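Chemist: Please find coords_26.cif (mmCIF, C-alpha atoms) on the next line:
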data_coords
#
loop_
_atom_site.label_atom_id
_atom_site.label_comp_id
_atom_site.auth_asym_id
_atom_site.auth_seq_id
_atom_site.Cartn_x
_atom_site.Cartn_y
_atom_site.Cartn_z
CA MET X 1 -45.12 -19.46 -23.04
CA ASN X 2 -41.66 -19.57 -24.62
CA LEU X 3 -39.10 -17.45 -22.69
CA MET X 4 -36.00 -18.35 -24.73
CA PRO X 5 -36.38 -15.62 -27.39
CA LEU X 6 -36.88 -13.04 -24.63
CA LEU X 7 -33.68 -14.03 -22.83
CA GLY X 8 -31.54 -13.70 -25.95
CA THR X 9 -32.76 -10.29 -27.06
CA VAL X 10 -31.71 -6.85 -25.91
CA ALA X 11 -33.97 -3.87 -26.08
CA PRO X 12 -33.06 -1.64 -29.05
CA GLU X 13 -32.73 1.43 -26.81
CA LEU X 14 -30.26 -0.37 -24.53
CA SER X 15 -28.13 -1.61 -27.41
CA LEU X 16 -27.84 1.97 -28.67
CA HIS X 17 -26.41 3.02 -25.30
CA PHE X 18 -23.85 0.22 -25.47
CA ALA X 19 -23.01 1.17 -29.06
CA THR X 20 -22.34 4.76 -27.96
CA VAL X 21 -19.98 3.60 -25.23
CA PHE X 22 -18.25 1.18 -27.63
CA ILE X 23 -17.75 3.92 -30.24
CA PHE X 24 -16.39 6.26 -27.57
CA VAL X 25 -13.84 3.63 -26.41
CA VAL X 26 -12.78 2.82 -29.99
CA VAL X 27 -12.33 6.51 -30.87
CA GLY X 28 -10.32 7.03 -27.66
CA PHE X 29 -7.94 4.14 -28.42
CA ALA X 30 -7.65 5.25 -32.06
CA PHE X 31 -6.82 8.82 -31.04
CA ALA X 32 -4.16 7.61 -28.57
CA GLY X 33 -2.66 5.24 -31.15
CA ILE X 34 -2.59 7.89 -33.88
CA ALA X 35 -1.02 10.46 -31.54
CA LEU X 36 1.72 8.02 -30.49
CA GLY X 37 2.34 6.96 -34.10
CA VAL X 38 2.62 10.53 -35.39
CA ALA X 39 4.94 11.45 -32.51
CA LYS X 40 7.20 8.49 -33.26
CA TRP X 41 7.22 9.32 -36.97
CA LEU X 42 8.03 13.03 -36.51
CA ARG X 43 10.56 12.98 -33.69
CA PRO X 44 14.27 12.89 -34.44
CA SER X 45 16.02 9.66 -33.53
CA ASN X 46 19.80 9.81 -33.21
CA PRO X 47 20.82 7.84 -30.12
CA SER X 48 24.35 8.21 -28.82
CA PRO X 49 26.11 6.72 -25.79
CA ALA X 50 25.78 10.03 -23.96
CA LYS X 51 22.04 10.12 -24.58
CA MET X 52 21.58 6.48 -23.60
CA THR X 53 23.13 6.86 -20.13
CA ILE X 54 20.82 6.98 -17.16
CA TYR X 55 20.27 10.50 -15.87
CA GLU X 56 19.72 10.69 -12.16
CA CYS X 57 19.71 14.12 -10.54
CA GLY X 58 22.69 15.29 -12.60
CA GLU X 59 24.98 12.59 -11.20
CA LEU X 60 26.54 9.74 -13.08
CA PRO X 61 25.13 6.45 -11.87
CA ARG X 62 27.43 4.20 -9.84
CA GLY X 63 26.86 0.57 -9.03
CA SER X 64 23.83 -1.54 -9.72
CA SER X 65 20.33 -0.17 -9.82
CA TRP X 66 19.08 -3.32 -8.08
CA ILE X 67 19.61 -2.33 -4.47
CA ARG X 68 17.51 -3.15 -1.47
CA PHE X 69 15.57 -0.25 -0.04
CA ASN X 70 14.87 -0.02 3.63
CA VAL X 71 11.29 -1.01 4.43
CA ARG X 72 10.89 2.20 6.47
CA PHE X 73 10.56 4.18 3.22
CA TYR X 74 7.50 2.13 2.32
CA LEU X 75 6.06 2.29 5.84
CA VAL X 76 6.35 6.06 6.02
CA ALA X 77 4.77 6.40 2.57
CA LEU X 78 1.96 4.02 3.53
CA PHE X 79 1.23 5.83 6.80
CA PHE X 80 1.28 9.17 5.01
CA ILE X 81 -1.20 7.96 2.40
CA ILE X 82 -3.50 6.42 5.00
CA PHE X 83 -3.66 9.49 7.21
CA ASP X 84 -3.69 11.89 4.27
CA VAL X 85 -6.70 10.15 2.74
CA GLU X 86 -8.44 10.13 6.09
CA VAL X 87 -7.89 13.87 6.47
CA ILE X 88 -9.50 14.36 3.07
CA PHE X 89 -12.73 13.06 4.63
CA LEU X 90 -12.69 15.92 7.15
CA TYR X 91 -13.23 18.71 4.60
CA PRO X 92 -16.55 17.54 3.14
CA TRP X 93 -17.72 16.63 6.64
CA ALA X 94 -16.97 20.17 7.84
CA VAL X 95 -19.00 21.68 5.00
CA VAL X 96 -21.95 19.34 5.60
CA PHE X 97 -21.69 19.68 9.38
CA LYS X 98 -22.01 23.45 9.15
CA GLN X 99 -25.35 22.96 7.38
CA LEU X 100 -26.55 20.08 9.58
CA TYR X 101 -25.60 21.54 12.97
CA PRO X 102 -28.87 23.47 13.41
CA VAL X 103 -30.95 20.32 12.74
CA PRO X 104 -31.91 19.03 16.22
CA GLU X 105 -30.92 15.34 16.15
CA LEU X 106 -28.95 15.11 12.92
CA GLY X 107 -26.25 17.61 13.93
CA ALA X 108 -25.35 15.64 17.07
CA LEU X 109 -25.35 12.35 15.15
CA VAL X 110 -22.97 13.68 12.50
CA PHE X 111 -20.74 15.19 15.19
CA TRP X 112 -20.44 11.96 17.18
CA GLU X 113 -19.85 9.93 14.03
CA MET X 114 -16.83 12.12 13.28
CA ILE X 115 -15.63 11.86 16.88
CA ILE X 116 -15.71 8.05 16.59
CA PHE X 117 -13.91 8.24 13.24
CA LEU X 118 -11.18 10.45 14.72
CA ALA X 119 -10.92 8.17 17.75
CA ILE X 120 -10.27 5.19 15.48
CA LEU X 121 -7.59 7.20 13.66
CA THR X 122 -6.04 8.20 16.98
CA VAL X 123 -5.94 4.58 18.14
CA GLY X 124 -4.25 3.61 14.85
CA LEU X 125 -1.70 6.40 15.24
CA ALA X 126 -1.02 5.43 18.85
CA TYR X 127 -0.59 1.81 17.80
CA ILE X 128 2.05 2.55 15.16
CA TRP X 129 3.72 5.02 17.52
CA VAL X 130 3.98 2.49 20.37
CA LYS X 131 5.12 -0.19 17.93
CA GLY X 132 7.97 2.13 16.94
CA ASP X 133 7.13 2.34 13.25
CA LEU X 134 7.32 6.14 13.30
CA ASP X 135 10.91 6.07 14.54
CA TRP X 136 13.24 6.47 11.60
CA VAL X 137 16.14 4.86 13.44
CA LYS X 138 15.02 1.81 15.38
CA LYS X 139 16.75 0.82 18.56
CA LEU X 140 18.60 -2.47 18.67
CA VAL X 141 17.31 -4.92 21.23
CA ALA X 142 19.97 -6.02 23.70
CA ARG X 143 20.29 -9.80 23.70
CA GLY X 144 22.06 -10.67 26.91
CA PRO X 145 22.10 -14.03 28.72
CA GLU X 146 18.91 -13.08 30.59
CA SER X 147 17.02 -12.50 27.34
CA PRO X 148 14.68 -15.40 26.43
CA GLU X 149 15.89 -15.30 22.80
CA SER X 150 19.56 -15.46 23.78
CA PRO X 151 21.43 -18.59 22.71
CA GLU X 152 23.20 -18.63 26.11
CA ASN X 153 19.94 -18.75 28.08
CA PRO X 154 19.38 -22.31 29.37
CA GLU X 155 15.58 -21.80 29.34
CA ASN X 156 15.58 -21.17 25.58
CA PRO X 157 13.79 -24.16 23.95
CA GLU X 158 16.19 -24.07 21.01
CA ASN X 159 19.07 -24.78 23.39
CA GLU X 160 17.36 -27.96 24.63
CA ASP X 161 17.05 -29.20 21.04
CA LYS X 162 20.70 -28.44 20.37
CA ALA X 163 21.78 -30.21 23.55
CA GLN X 164 19.76 -33.30 22.61
CA ASN X 165 21.25 -33.32 19.10
CA ASN X 166 24.79 -32.96 20.49
CA ASN X 167 24.28 -35.85 22.93
CA ALA X 168 22.53 -38.12 20.41
CA GLY X 169 25.57 -40.30 19.71
CA GLN X 170 27.01 -40.32 23.24
CA GLU X 171 26.33 -42.78 26.02
CA VAL X 172 24.48 -41.38 28.97
CA PRO X 173 25.93 -42.58 32.30
CA ALA X 174 23.49 -44.48 34.51
CA PRO X 175 22.74 -42.88 37.88
#
Any chance you could give the structure as structure tokens?
Modeler:
Amino acid sequence: MNLMPLLGTVAPELSLHFATVFIFVVVGFAFAGIALGVAKWLRPSNPSPAKMTIYECGELPRGSSWIRFNVRFYLVALFFIIFDVEVIFLYPWAVVFKQLYPVPELGALVFWEMIIFLAILTVGLAYIWVKGDLDWVKKLVARGPESPESPENPENPENEDKAQNNNAGQEVPAP
């Protein structure tokens, strides 16, 4: 029995489905290209220095646009997206739970699954709260001599390395 011709062939019905999808994609790209081309051809183009300036909230731009943003902007946006998406899961659950509540064992299962889900979210919220990532203005850590990271602390391992490097070329008196 020769299987090679069977492996290289596609059923005619299946190839028609792929052809339909291919035609749909080609027509979509063609429509987008034609629309962009016609828009470029019809629009007026008379650039001037006033039109080429950057418009930002009605203010003239000052300085460079390459500035460093505080990472807190990204953290707040990330936390918002995470918890916002998780809240989206509550609405369909509420609709389904209303229908499943009368079912003897299924209603309790769905309820406790959502309680576990909300508990995981609460633990995540507590974690970022305790870590201080929800505070917009973070507190500075005092680095006194008693702090282990302090350069003046004799127990800091970095200080031992510095002391050894400073004494590398000196003679050590014999006891």
Chemist: Which residue, X:Ile54, X:Leu100, X:Ile128, X:Ile88, has the smallest gap to X:Val76 when you use all atoms listed in the file?
Modeler: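 Between X:Ile54, X:Leu100, X:Ile128, X:Ile88, the residue approaching X:Val76 most closely is X:Ile128.
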Chemist: Please evaluate the PyMOL selection byres ((chain X and resi 115-121) around 10) against the structure above and give the resulting residues as JSON, numbers by chain.
Modeler: {"X": [82, 83, 86, 87, 89, 90, 109, 110, 111, 112, 113, 114, 122, 123, 124, 125, 126, 127]}
Chemist: Could you check how far atom CA of X:Ser45 sits from atom CA of X:Gly33, in Å to one decimal?
Modeler: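 Here the two named atoms are 19.3 Å from each other.
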Chemist: In Å, with one decimal, what is the gap from atom CA of X:His17 to atom CA of X:Ala35?
Modeler: 27.2 Å
Chemist: Measure the distance from atom CA of X:Ser48 to atom CA of X:Arg62 in Å and round it to one decimal.
Modeler: 19.6 Å
Chemist: Tell me which of X:Phe18, X:Val27, X:Trp129, X:Pro44 sits closest to X:Phe79, counting all atoms listed in the file.
Modeler: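 For X:Phe79, the nearest of the given residues is X:Trp129.
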